[in-house]
>>> print(open('coords_5.cif').read())   # mmCIF, C-alpha atoms
data_coords
loop_
_atom_site.label_atom_id
_atom_site.label_comp_id
_atom_site.auth_asym_id
_atom_site.auth_seq_id
_atom_site.Cartn_x
_atom_site.Cartn_y
_atom_site.Cartn_z
CA MET J 1 11.69 -17.96 -5.17
CA GLN J 2 9.81 -14.70 -4.65
CA LYS J 3 9.74 -15.20 -0.88
CA MET J 4 13.49 -15.91 -0.90
CA ALA J 5 14.11 -12.72 -2.84
CA LEU J 6 12.08 -10.75 -0.30
CA LEU J 7 14.02 -12.22 2.58
CA LEU J 8 17.26 -11.23 0.90
CA LEU J 9 16.06 -7.62 0.93
CA LEU J 10 16.31 -7.63 4.72
CA TYR J 11 18.88 -10.31 5.39
CA PRO J 12 22.16 -8.63 4.45
CA VAL J 13 21.68 -5.06 5.49
CA ILE J 14 24.50 -4.93 8.02
CA ALA J 15 27.86 -6.55 7.19
CA GLN J 16 29.45 -8.46 10.08
CA VAL J 17 32.13 -10.32 8.11
CA ASP J 18 35.28 -8.38 7.22
CA TYR J 19 36.78 -9.32 3.87
CA ASP J 20 40.43 -8.42 4.52
CA SER J 21 40.75 -10.10 7.90
CA GLU J 22 38.43 -13.09 7.44
CA ILE J 23 37.87 -13.93 3.77
CA GLN J 24 41.12 -13.03 2.00
CA PRO J 25 43.22 -15.18 4.38
CA ILE J 26 41.17 -18.24 3.32
CA PHE J 27 41.92 -17.55 -0.34
CA ASN J 28 45.60 -16.88 0.42
CA SER J 29 46.06 -20.23 2.14
CA LYS J 30 43.91 -22.38 -0.14
CA CYS J 31 43.35 -20.74 -3.52
CA THR J 32 45.83 -18.15 -4.76
CA GLN J 33 48.45 -20.76 -5.65
CA CYS J 34 46.30 -21.46 -8.72
CA HIS J 35 44.01 -18.47 -8.85
CA GLY J 36 46.48 -15.67 -8.38
CA ASN J 37 47.16 -15.24 -12.00
CA SER J 38 45.64 -18.06 -13.96
CA ALA J 39 42.42 -19.87 -14.92
CA GLY J 40 40.79 -16.53 -15.70
CA LEU J 41 40.11 -15.88 -12.00
CA ASN J 42 42.27 -13.93 -9.58
CA LEU J 43 41.53 -14.38 -5.88
CA SER J 44 44.45 -12.31 -4.61
CA SER J 45 42.35 -9.24 -3.73
CA TYR J 46 38.78 -8.03 -3.27
CA ALA J 47 38.89 -6.00 -6.50
CA ASN J 48 40.13 -8.99 -8.48
CA ILE J 49 37.54 -11.43 -7.16
CA MET J 50 34.72 -9.03 -7.92
CA GLU J 51 36.03 -8.82 -11.50
CA GLY J 52 34.97 -12.44 -11.89
CA SER J 53 36.35 -15.08 -14.25
CA ASN J 54 36.34 -15.61 -17.99
CA ASN J 55 32.84 -17.02 -17.54
CA GLY J 56 31.44 -14.02 -15.69
CA ASP J 57 30.78 -13.12 -12.05
CA VAL J 58 31.71 -15.70 -9.44
CA VAL J 59 30.12 -13.79 -6.56
CA ILE J 60 26.44 -12.75 -6.60
CA PRO J 61 26.01 -10.36 -3.62
CA TYR J 62 23.24 -11.40 -1.22
CA ASP J 63 22.88 -14.82 -2.90
CA HIS J 64 25.50 -17.43 -2.03
CA ILE J 65 23.34 -20.20 -3.51
CA SER J 66 23.80 -18.70 -6.99
CA SER J 67 27.46 -17.72 -6.54
CA ASP J 68 29.85 -19.93 -8.52
CA LEU J 69 32.59 -19.40 -5.93
CA TRP J 70 30.51 -20.89 -3.12
CA ILE J 71 29.13 -23.67 -5.34
CA ARG J 72 32.64 -24.88 -6.17
CA VAL J 73 34.11 -24.73 -2.66
CA ASN J 74 30.99 -26.23 -1.09
CA SER J 75 31.01 -29.17 -3.50
CA GLY J 76 34.71 -29.80 -2.88
CA GLN J 77 35.52 -29.22 -6.54
CA MET J 78 37.77 -26.37 -5.49
CA PRO J 79 40.49 -26.41 -4.31
CA PRO J 80 41.35 -29.64 -6.15
CA GLY J 81 42.73 -32.68 -4.38
CA ASN J 82 42.58 -33.09 -0.61
CA ASN J 83 42.96 -29.39 0.15
CA ASP J 84 39.24 -28.72 0.77
CA LEU J 85 38.05 -25.81 2.88
CA THR J 86 36.67 -26.57 6.33
CA GLN J 87 32.93 -26.30 6.86
CA SER J 88 33.42 -23.20 9.03
CA GLN J 89 35.40 -21.54 6.21
CA ILE J 90 32.67 -22.40 3.69
CA ASN J 91 30.00 -21.02 6.06
CA LEU J 92 32.00 -17.82 6.51
CA ILE J 93 32.19 -17.31 2.74
CA SER J 94 28.42 -17.86 2.37
CA GLU J 95 27.74 -15.40 5.20
CA TRP J 96 30.01 -12.80 3.61
CA ILE J 97 28.21 -13.17 0.26
CA ASP J 98 24.73 -13.02 1.83
CA GLU J 99 25.65 -9.82 3.66
CA GLY J 100 26.33 -8.25 0.28
CA ALA J 101 29.98 -9.25 -0.34
CA PHE J 102 31.20 -5.90 0.97
CA PRO J 103 34.94 -5.10 1.15
CA GLU J 104 34.72 -4.43 4.88
CA ALA J 105 32.43 -4.96 7.85
CA SER J 106 30.05 -2.17 8.74
CA SER J 107 31.04 0.02 11.65
CA SER J 108 27.40 0.91 12.29
CA SER J 109 25.49 -0.61 15.16
CA CYS J 110 21.74 -0.49 15.64
CA ASP J 111 19.63 -1.02 18.73
CA GLU J 112 17.74 -4.27 19.05
CA GLY J 113 14.69 -4.26 16.80
CA TYR J 114 16.37 -2.04 14.20
CA THR J 115 18.24 -3.01 11.03
CA HIS J 116 21.03 -1.14 9.29
CA ILE J 117 20.55 -0.41 5.58
CA GLU J 118 23.65 0.84 3.82
CA ASN J 119 22.40 2.01 0.43
CA LEU J 120 19.50 4.45 0.44
CA PRO J 121 17.44 5.37 -2.66
CA PHE J 122 18.13 8.75 -4.24
CA ASN J 123 14.58 10.06 -3.60
CA PHE J 124 14.57 8.93 0.03
CA VAL J 125 14.30 11.25 3.05
CA ASN J 126 16.05 10.05 6.22
CA ILE J 127 15.95 12.42 9.22
CA ASN J 128 17.77 12.11 12.57
CA ASN J 129 19.15 8.73 11.58
CA ASP J 130 22.85 8.99 10.76
CA GLU J 131 23.40 5.29 11.47
CA ASN J 132 20.77 4.27 8.87
CA CYS J 133 18.96 2.11 11.41
CA PHE J 134 15.35 1.27 10.50
CA TYR J 135 12.64 -0.20 12.70
CA ASP J 136 12.09 -3.87 11.88
CA ASP J 137 8.29 -3.77 12.31
CA ASP J 138 8.05 -0.95 9.77
CA LEU J 139 10.29 -2.80 7.32
CA ASN J 140 8.20 -5.95 7.76
CA VAL J 141 5.03 -4.08 6.72
CA ILE J 142 6.74 -2.93 3.54
CA GLU J 143 7.98 -6.45 2.86
CA GLU J 144 4.45 -7.82 3.31
CA LEU J 145 3.05 -5.15 0.97
CA ILE J 146 5.52 -6.26 -1.70
CA SER J 147 4.64 -9.93 -1.23
CA LEU J 148 0.84 -9.50 -1.20
CA ASN J 149 0.79 -7.31 -4.29
CA GLU J 150 3.67 -9.03 -6.11
CA LEU J 151 5.51 -5.73 -6.49
CA GLU J 152 8.83 -5.67 -8.30
CA TYR J 153 11.18 -3.74 -6.05
CA SER J 154 14.75 -4.68 -5.15
CA ASN J 155 14.94 -2.42 -2.10
CA LEU J 156 12.32 -2.03 0.62
CA LEU J 157 13.00 1.70 0.80
CA GLU J 158 12.13 2.17 -2.88
CA VAL J 159 8.46 1.23 -2.41
CA GLY J 160 6.68 4.53 -2.96
CA ILE J 161 7.99 7.81 -1.60
CA GLN J 162 9.08 7.37 2.01
CA PHE J 163 10.05 9.82 4.75
CA TRP J 164 11.63 8.38 7.90
CA ASN J 165 12.42 10.09 11.19
CA SER J 166 14.65 8.47 13.83
CA GLY J 167 14.25 5.10 12.16
CA ARG J 168 10.43 5.19 11.90
CA ILE J 169 8.41 5.84 8.76
CA PHE J 170 6.16 8.91 9.14
CA ASN J 171 5.18 9.76 5.56
CA TRP J 172 4.38 7.23 2.82
CA VAL J 173 3.12 8.00 -0.69
CA LEU J 174 1.73 4.90 -2.41
CA THR J 175 -0.33 6.69 -5.03
CA TYR J 176 -0.32 4.78 -8.31
CA SER J 177 1.57 6.53 -11.07
CA PRO J 178 2.61 4.62 -14.21
CA ASN J 179 6.13 6.06 -14.14
CA GLY J 180 6.38 5.73 -10.36
CA ASN J 181 7.74 9.26 -9.93
CA ASN J 182 4.99 10.30 -7.50
CA GLY J 183 4.36 6.99 -5.77
CA ILE J 184 4.45 3.42 -7.07
CA ASN J 185 4.35 2.06 -10.63
CA GLN J 186 2.12 -0.96 -9.88
CA GLN J 187 -1.43 -0.79 -8.54
CA LEU J 188 -2.13 -2.15 -5.06
CA THR J 189 -5.06 -4.46 -4.45
CA VAL J 190 -4.58 -5.06 -0.73
CA LEU J 191 -2.89 -3.51 2.31
CA PRO J 192 -1.03 -5.73 4.82
CA GLU J 193 -2.87 -7.01 7.88
CA ASP J 194 0.00 -5.72 10.03
CA ILE J 195 -0.18 -2.15 8.71
CA GLY J 196 -1.32 -1.13 12.20
CA ASN J 197 2.29 -1.61 13.34
CA LEU J 198 3.23 1.66 11.63
CA THR J 199 2.49 3.55 14.82
CA ASN J 200 4.53 6.62 13.82
CA LEU J 201 2.89 6.98 10.41
CA GLY J 202 1.39 10.46 10.09
CA ASN J 203 0.60 10.74 6.39
CA LEU J 204 -0.57 8.00 4.03
CA TYR J 205 -1.57 8.48 0.40
CA VAL J 206 -2.84 5.52 -1.65
CA GLU J 207 -4.85 7.16 -4.44
CA TRP J 208 -5.60 5.48 -7.78
CA ASN J 209 -5.19 1.90 -6.62
CA ASP J 210 -7.62 -1.05 -6.53
CA ILE J 211 -7.98 -1.42 -2.76
CA SER J 212 -11.43 -2.68 -1.76
CA GLU J 213 -11.09 -2.80 2.04
CA LEU J 214 -8.94 -1.63 4.93
CA PRO J 215 -7.52 -4.16 7.41
CA GLU J 216 -8.94 -3.99 10.94
CA SER J 217 -5.48 -3.09 12.24
CA PHE J 218 -5.66 0.12 10.21
CA CYS J 219 -7.50 1.63 13.15
CA TYR J 220 -4.31 1.28 15.25
CA LEU J 221 -2.58 4.03 13.26
CA ASN J 222 -2.97 6.49 16.12
CA SER J 223 -0.46 8.99 14.70
CA LEU J 224 -2.24 9.29 11.35
CA THR J 225 -3.23 12.89 10.55
CA ASN J 226 -3.68 12.81 6.75
CA PHE J 227 -5.19 9.91 4.82
CA ALA J 228 -6.11 9.98 1.12
CA ILE J 229 -7.50 6.90 -0.60
CA SER J 230 -9.51 8.43 -3.44
CA ASN J 231 -10.11 6.58 -6.71
CA ASN J 232 -10.05 3.09 -5.23
CA LEU J 233 -12.69 0.39 -4.79
CA LEU J 234 -13.53 0.82 -1.08
CA THR J 235 -17.04 -0.29 -0.11
CA SER J 236 -16.87 0.45 3.63
CA LEU J 237 -14.64 1.49 6.53
CA PRO J 238 -13.72 -0.59 9.61
CA SER J 239 -16.23 -0.17 12.43
CA ASN J 240 -13.53 1.28 14.72
CA PHE J 241 -12.39 3.88 12.20
CA GLY J 242 -13.19 6.53 14.79
CA ASN J 243 -10.16 5.38 16.82
CA LEU J 244 -7.96 7.45 14.49
CA SER J 245 -8.31 10.35 16.87
CA ASN J 246 -5.54 12.50 15.34
CA LEU J 247 -6.98 12.47 11.84
CA ILE J 248 -7.26 15.96 10.34
CA PHE J 249 -7.66 15.30 6.62
CA LEU J 250 -9.68 12.40 5.15
CA ASP J 251 -10.29 11.97 1.42
CA LEU J 252 -12.58 9.04 0.52
CA GLY J 253 -13.68 10.46 -2.83
CA TYR J 254 -14.40 8.34 -5.90
CA ASN J 255 -14.83 4.96 -4.24
CA LYS J 256 -17.82 2.64 -3.86
CA ILE J 257 -18.49 3.23 -0.17
CA GLU J 258 -22.03 2.27 0.87
CA SER J 259 -21.86 3.09 4.58
CA ILE J 260 -19.90 5.12 7.12
CA PRO J 261 -19.51 3.69 10.67
CA ALA J 262 -21.07 5.53 13.60
CA SER J 263 -17.62 5.85 15.20
CA ILE J 264 -16.81 8.54 12.61
CA GLY J 265 -18.15 11.11 15.07
CA ASN J 266 -15.19 10.44 17.38
CA LEU J 267 -12.75 12.19 15.03
CA GLN J 268 -12.66 15.45 16.92
CA ASN J 269 -9.61 16.86 15.13
CA MET J 270 -11.07 16.55 11.64
CA MET J 271 -10.88 19.64 9.43
CA TYR J 272 -11.37 18.16 5.94
CA PHE J 273 -13.82 15.36 5.19
CA TRP J 274 -14.49 14.42 1.55
CA ILE J 275 -16.95 11.61 0.78
CA PHE J 276 -18.08 12.66 -2.68
CA ASN J 277 -18.77 10.25 -5.55
CA ASN J 278 -19.47 7.11 -3.56
CA GLU J 279 -22.64 4.99 -3.18
CA LEU J 280 -23.86 6.40 0.12
CA SER J 281 -27.64 6.44 0.62
CA SER J 282 -27.52 7.17 4.36
CA LEU J 283 -25.16 8.56 6.97
CA PRO J 284 -25.00 8.13 10.77
CA GLU J 285 -26.30 10.97 12.95
CA SER J 286 -22.94 10.94 14.78
CA ILE J 287 -21.35 12.50 11.72
CA CYS J 288 -22.71 15.85 12.91
CA ASP J 289 -20.39 15.60 15.93
CA LEU J 290 -17.43 16.32 13.64
CA PRO J 291 -16.03 19.83 14.25
CA LEU J 292 -16.27 20.75 10.56
CA ASN J 293 -17.02 23.98 8.80
CA TRP J 294 -19.86 22.36 6.85
CA ASP J 295 -20.39 25.30 4.50
CA GLY J 296 -16.89 26.76 4.23
CA VAL J 297 -13.96 26.63 1.85
CA ASP J 298 -10.30 27.30 2.57
CA PHE J 299 -8.05 29.97 1.01
CA GLY J 300 -7.52 27.68 -2.00
CA SER J 301 -11.30 27.34 -2.54
CA TYR J 302 -11.25 23.72 -1.37
CA PRO J 303 -14.31 22.76 0.69
CA PHE J 304 -13.83 21.51 4.22
CA PHE J 305 -16.67 19.08 3.55
CA ALA J 306 -18.12 17.71 0.32
CA SER J 307 -20.61 14.90 -0.38
CA GLY J 308 -21.77 15.35 -3.99
CA GLY J 309 -22.37 12.43 -6.34
CA ASN J 310 -23.80 9.97 -3.82
CA GLN J 311 -27.34 8.58 -3.43
CA LEU J 312 -28.32 10.74 -0.46
CA CYS J 313 -31.94 11.16 -1.50
CA ASN J 314 -34.12 10.13 1.45
CA GLU J 315 -34.19 13.05 3.87
CA ASP J 316 -35.01 10.69 6.75
CA LEU J 317 -31.60 9.05 6.24
CA ILE J 318 -29.57 12.25 5.95
CA PRO J 319 -28.41 14.11 9.11
CA ASP J 320 -29.30 17.80 9.17
CA CYS J 321 -25.68 18.96 9.09
CA ILE J 322 -25.26 17.17 5.75
CA GLU J 323 -28.58 18.00 4.17
CA ASN J 324 -28.28 21.69 5.05
CA SER J 325 -24.64 22.01 3.99
CA SER J 326 -23.95 24.24 1.01
CA ASN J 327 -21.39 21.60 -0.01
CA PHE J 328 -23.99 18.80 -0.03
CA GLU J 329 -23.74 18.46 -3.81
CA ILE J 330 -20.13 19.52 -4.30
CA SER J 331 -17.23 17.37 -5.53
CA LEU J 332 -13.72 17.97 -6.80
CA ASP J 333 -12.78 17.13 -10.38
CA GLN J 334 -11.70 13.50 -10.43
CA PHE J 335 -8.29 13.60 -12.07
CA TYR J 336 -6.54 16.68 -10.74
CA TYR J 337 -8.60 17.85 -7.75
CA SER J 338 -8.00 21.34 -9.04
CA PHE J 339 -11.48 22.85 -8.71
CA PRO J 340 -14.85 22.21 -7.01
CA GLU J 341 -17.74 21.16 -9.24
CA TYR J 342 -21.48 20.79 -8.78
CA THR J 343 -22.40 17.08 -8.63
CA PRO J 344 -26.03 16.34 -7.69
CA GLN J 345 -27.10 13.26 -5.79
CA GLU J 346 -28.11 10.31 -7.97
CA CYS J 347 -31.69 9.79 -6.91
CA ASN J 348 -33.23 8.04 -9.90
CA PHE J 349 -31.75 4.60 -10.20
CA ILE J 350 -32.93 1.43 -11.84
CA GLY J 351 -35.51 -0.54 -9.86
CA ASP J 352 -36.34 2.18 -7.32
CA LEU J 353 -39.93 2.77 -8.44
CA ASN J 354 -41.16 4.57 -5.32
CA GLY J 355 -38.12 6.82 -5.02
CA ASP J 356 -37.17 5.86 -1.46
CA THR J 357 -33.60 4.90 -2.54
CA ILE J 358 -34.18 1.35 -1.28
CA LEU J 359 -34.93 -1.70 -3.41
CA ASN J 360 -37.53 -3.86 -1.66
CA VAL J 361 -40.87 -5.66 -2.04
CA LEU J 362 -42.72 -2.37 -2.59
CA ASP J 363 -40.79 -1.84 -5.80
CA ILE J 364 -41.68 -5.39 -6.89
CA VAL J 365 -45.39 -4.72 -6.34
CA LEU J 366 -45.22 -1.48 -8.32
CA MET J 367 -43.42 -3.22 -11.16
CA VAL J 368 -45.96 -6.07 -11.29
CA ASN J 369 -48.76 -3.51 -11.51
CA MET J 370 -46.90 -1.78 -14.28
CA VAL J 371 -46.62 -5.06 -16.20
CA LEU J 372 -50.33 -5.75 -15.77
CA ASP J 373 -51.24 -2.23 -16.87
CA VAL J 374 -48.74 -2.31 -19.75
CA GLY J 375 -47.12 0.82 -18.43
CA TYR J 376 -43.54 2.01 -18.88
CA ALA J 377 -41.02 3.84 -16.73
CA GLU J 378 -37.30 4.01 -17.34
CA GLU J 379 -36.58 3.07 -13.73
CA ALA J 380 -38.55 -0.20 -14.20
CA ASP J 381 -36.80 -1.28 -17.38
CA MET J 382 -34.20 -3.46 -15.65
CA ASN J 383 -32.73 -4.90 -18.86
CA SER J 384 -33.13 -1.70 -20.95
CA ASP J 385 -35.09 -3.43 -23.73
CA GLY J 386 -37.82 -0.78 -23.87
CA ILE J 387 -40.49 -3.14 -22.47
CA ILE J 388 -41.65 -3.77 -18.91
CA ASN J 389 -42.42 -7.48 -18.49
CA VAL J 390 -41.92 -10.45 -16.20
CA LEU J 391 -38.21 -10.59 -17.03
CA ASP J 392 -37.75 -7.16 -15.43
CA VAL J 393 -39.57 -8.42 -12.33
CA VAL J 394 -37.23 -11.42 -12.11
CA ILE J 395 -34.14 -9.20 -12.46
CA LEU J 396 -35.41 -6.87 -9.74
CA ILE J 397 -36.08 -9.79 -7.36
CA ASN J 398 -32.59 -11.16 -8.00
CA THR J 399 -31.09 -7.73 -7.43
CA ILE J 400 -32.86 -7.42 -4.06
CA LEU J 401 -31.77 -10.92 -3.01
CA MET J 402 -28.11 -10.38 -3.92
#
>>> encode(input="coords_5.cif", output="structure tokens")
Amino acid sequence: MQKMALLLLLYPVIAQVDYDSEIQPIFNSKCTQCHGNSAGLNLSSYANIMEGSNNGDVVIPYDHISSDLWIRVNSGQMPPGNNDLTQSQINLISEWIDEGAFPEASSSSCDEGYTHIENLPFNFVNINNDENCFYDDDLNVIEELISLNELEYSNLLEVGIQFWNSGRIFNWVLTYSPNGNNGINQQLTVLPEDIGNLTNLGNLYVEWNDISELPESFCYLNSLTNFAISNNLLTSLPSNFGNLSNLIFLDLGYNKIESIPASIGNLQNMMYFWIFNNELSSLPESICDLPLNWDGVDFGSYPFFASGGNQLCNEDLIPDCIENSSNFEISLDQFYYSFPEYTPQECNFIGDLNGDTILNVLDIVLMVNMVLDVGYAEEADMNSDGIINVLDVVILINTILM
């Protein structure tokens, strides 16, 4: 049922059947003798039929299967006797209903690969597109986003805040906001595999969702200049992320990212790069190829680069441009991004007994020695019971093997 509802979002968007010239004549010849003034249903005009009967609506726009009018003529119940409609007449009525049961056919025509959408949301921006023709591939991505995340939207163009230009989406705000005023009112967990088809998309904002990975096709978004995905659950970026050659602004803050691909150095138009409050313990040397002002801030006091709140503790794993940056331990406040704040690297974490930011057999050896010597260190107390014993060793081994 959900898939059918999604299909109906796209199916009827341009009306080909004209009510006055194609539908009303059927009713005039077959139905109005009885339903012109009686039985609680008047089929003598468009306005009357849309009024329904004593039992409620007889036409459900976009859904002929649920429309009582179609059910009765298709079953042969109406008209009574041997005056049934022909199959072509029944099909025409179902087509008219599925197009939206409009009073007249649309005069708009769209090029192949584009679909006309008549009713646009009030908060929708549509530029250079008087015919309301929208690129099918872009619409399909939105439809897939709805399906994958089980979103409750009745119109594809209501999903987030959308800006379209000449029938292509170029700005899309999918930031989670409970009231939906500044994005969407349901959290996303996944982005569609075909998101790479949004080749005109320049700005994408998906903050405060539960997205854990980006599809490989994301790297096909060659027009993307601004991308913000802070406060999600990302653990990594696609290896070809550096293909996004037009990217200027990238906010990866407040995720769970453990690594950055070497291709990041290919982003030669980057001006803002925020990777603070992740789980990074190393960075590729290619990151220093970015044309960033590593120490600077803009006129609003926002840093061009910031990497505070990670686990960048081993100097052998930190490129010089990062380690020497005055913004090395700078973040922005999590909820409003209104001011920079000092956020040191997290260098003392459970199980890392030799302080090299890596859990391995050396830490196991140190912990065993600690058990034998009845010593204590907070970093070795894996289960926080105040005692260092064989159970802590087992937990550390399991942690390393995970």
>>> residues_near_point(input="coords_5.cif", point="(-12.8, 20.6, 0.8)", cutoff="10 Å", atoms="only C-alpha atoms", output="list in words")
Phe249, Leu250, Asp251, Met271, Tyr272, Phe273, Trp274, Ile275, Asn293, Trp294, Asp295, Gly296, Val297, Asp298, Gly300, Ser301, Tyr302, Pro303, Phe304, Phe305, Ala306, Ser307, Asn327, Ile330, Ser331, Leu332, Tyr337, Phe339 and Pro340 of chain J
>>> atom_distance(input="coords_5.cif", atom1="atom CA of J:Ile248", atom2="atom CA of J:Thr199")
16.4 Å
>>> resolve_selection(input="coords_5.cif", expression="the PyMOL selection byres ((chain J and resi 334) around 12)", output="PDB file with C-alpha atoms, in the frame of the given file")
ATOM      1  CA  GLU J 207      -4.850   7.160  -4.440  1.00  0.00           C
ATOM      2  CA  TRP J 208      -5.600   5.480  -7.780  1.00  0.00           C
ATOM      3  CA  SER J 230      -9.510   8.430  -3.440  1.00  0.00           C
ATOM      4  CA  ASN J 231     -10.110   6.580  -6.710  1.00  0.00           C
ATOM      5  CA  ASN J 232     -10.050   3.090  -5.230  1.00  0.00           C
ATOM      6  CA  LEU J 252     -12.580   9.040   0.520  1.00  0.00           C
ATOM      7  CA  GLY J 253     -13.680  10.460  -2.830  1.00  0.00           C
ATOM      8  CA  TYR J 254     -14.400   8.340  -5.900  1.00  0.00           C
ATOM      9  CA  ASN J 255     -14.830   4.960  -4.240  1.00  0.00           C
ATOM     10  CA  PHE J 276     -18.080  12.660  -2.680  1.00  0.00           C
ATOM     11  CA  ASN J 277     -18.770  10.250  -5.550  1.00  0.00           C
ATOM     12  CA  GLY J 309     -22.370  12.430  -6.340  1.00  0.00           C
ATOM     13  CA  SER J 331     -17.230  17.370  -5.530  1.00  0.00           C
ATOM     14  CA  LEU J 332     -13.720  17.970  -6.800  1.00  0.00           C
ATOM     15  CA  ASP J 333     -12.780  17.130 -10.380  1.00  0.00           C
ATOM     16  CA  PHE J 335      -8.290  13.600 -12.070  1.00  0.00           C
ATOM     17  CA  TYR J 336      -6.540  16.680 -10.740  1.00  0.00           C
ATOM     18  CA  TYR J 337      -8.600  17.850  -7.750  1.00  0.00           C
ATOM     19  CA  SER J 338      -8.000  21.340  -9.040  1.00  0.00           C
ATOM     20  CA  PHE J 339     -11.480  22.850  -8.710  1.00  0.00           C
ATOM     21  CA  PRO J 340     -14.850  22.210  -7.010  1.00  0.00           C
ATOM     22  CA  GLU J 341     -17.740  21.160  -9.240  1.00  0.00           C
ATOM     23  CA  THR J 343     -22.400  17.080  -8.630  1.00  0.00           C
TER      24      THR J 343
END
>>> residues_around(input="coords_5.cif", residues="J:Ser239", least_positions_apart="2", cutoff="7 Å", atoms="only C-alpha atoms", output="PyMOL selection string")
chain J and resi 237+241+261+263
>>> closest_residue(input="coords_5.cif", among="J:Pro103, J:Pro178, J:Gly167, J:Pro25", to="J:Leu201", atoms="all atoms listed in the file")
J:Gly167
>>> closest_residue(input="coords_5.cif", among="J:Asn369, J:Ser286, J:Ser281, J:Asn74", to="J:Gln345", atoms="only C-alpha atoms")
J:Ser281
>>> residues_around(input="coords_5.cif", residues="J:Leu174", least_positions_apart="6", cutoff="6 Å", atoms="all atoms listed in the file", output="PDB file with C-alpha atoms, keeping the file's coordinate frame")
ATOM      1  CA  GLY J 160       6.680   4.530  -2.960  1.00  0.00           C
ATOM      2  CA  GLY J 183       4.360   6.990  -5.770  1.00  0.00           C
ATOM      3  CA  ILE J 184       4.450   3.420  -7.070  1.00  0.00           C
ATOM      4  CA  TYR J 205      -1.570   8.480   0.400  1.00  0.00           C
ATOM      5  CA  VAL J 206      -2.840   5.520  -1.650  1.00  0.00           C
TER       6      VAL J 206
END
>>> closest_residue(input="coords_5.cif", among="J:Asn226, J:Ser245, J:Gln186, J:Asn155", to="J:Trp172", atoms="all atoms listed in the file")
J:Asn226
>>> resolve_selection(input="coords_5.cif", expression="the PyMOL selection byres ((chain J and resi 266) around 12)", output="ChimeraX atom specification")
/J:239-248,261-265,267-270,285-291
>>> closest_residue(input="coords_5.cif", among="J:Leu372, J:Gly52, J:Asn360, J:Glu323", to="J:Leu396", atoms="all atoms listed in the file")
J:Asn360
>>> closest_residue(input="coords_5.cif", among="J:Leu280, J:Ala47, J:Leu85, J:Leu41", to="J:Ile260", atoms="all atoms listed in the file")
J:Leu280
>>> atom_distance(input="coords_5.cif", atom1="atom CA of J:Asp20", atom2="atom CA of J:Gly81")
25.9 Å
>>> resolve_selection(input="coords_5.cif", expression="the PyMOL selection byres ((chain J and resi 30) around 8)", output="PyMOL selection string")
chain J and resi 26-29+31-33+79+83-85
>>> closest_residue(input="coords_5.cif", among="J:Asn222, J:Ser88, J:Gln162, J:Ser325", to="J:Leu120", atoms="only C-alpha atoms")
J:Gln162
>>> atom_distance(input="coords_5.cif", atom1="atom CA of J:Asn132", atom2="atom CA of J:Asp111")
11.2 Å
>>> decode(input="coords_5.cif", residues="stretch 49-82 of chain J", atoms="C-alpha atoms", output="compact mmCIF listing (two decimals), in the first residue's frame")
# COMPACT_ATOMS: atom_id res chain seq x y z
CA ILE J 49 -20.31 14.96 -8.86
CA MET J 50 -17.56 16.29 -6.62
CA GLU J 51 -20.23 17.06 -4.00
CA GLY J 52 -20.67 13.31 -3.65
CA SER J 53 -23.73 11.37 -2.51
CA ASN J 54 -25.61 10.99 0.74
CA ASN J 55 -22.95 8.46 1.72
CA GLY J 56 -19.99 10.75 1.08
CA ASP J 57 -17.48 11.25 -1.74
CA VAL J 58 -17.87 9.06 -4.80
CA VAL J 59 -14.62 10.21 -6.41
CA ILE J 60 -11.25 9.95 -4.60
CA PRO J 61 -8.77 11.94 -6.75
CA TYR J 62 -5.70 9.95 -7.79
CA ASP J 63 -7.24 6.67 -6.57
CA HIS J 64 -9.85 5.08 -8.84
CA ILE J 65 -9.61 1.79 -6.93
CA SER J 66 -11.12 3.46 -3.85
CA SER J 67 -13.64 5.62 -5.74
CA ASP J 68 -17.23 4.41 -5.34
CA LEU J 69 -18.15 5.75 -8.78
CA TRP J 70 -15.60 3.56 -10.53
CA ILE J 71 -16.35 0.54 -8.31
CA ARG J 72 -20.03 0.63 -9.28
CA VAL J 73 -19.58 1.15 -13.03
CA ASN J 74 -16.74 -1.37 -13.23
CA SER J 75 -18.80 -4.04 -11.49
CA GLY J 76 -21.79 -3.41 -13.76
CA GLN J 77 -23.96 -2.47 -10.79
CA MET J 78 -24.44 0.95 -12.35
CA PRO J 79 -26.17 1.78 -14.61
CA PRO J 80 -28.75 -0.89 -13.78
CA GLY J 81 -30.04 -3.35 -16.35
CA ASN J 82 -28.31 -3.91 -19.67
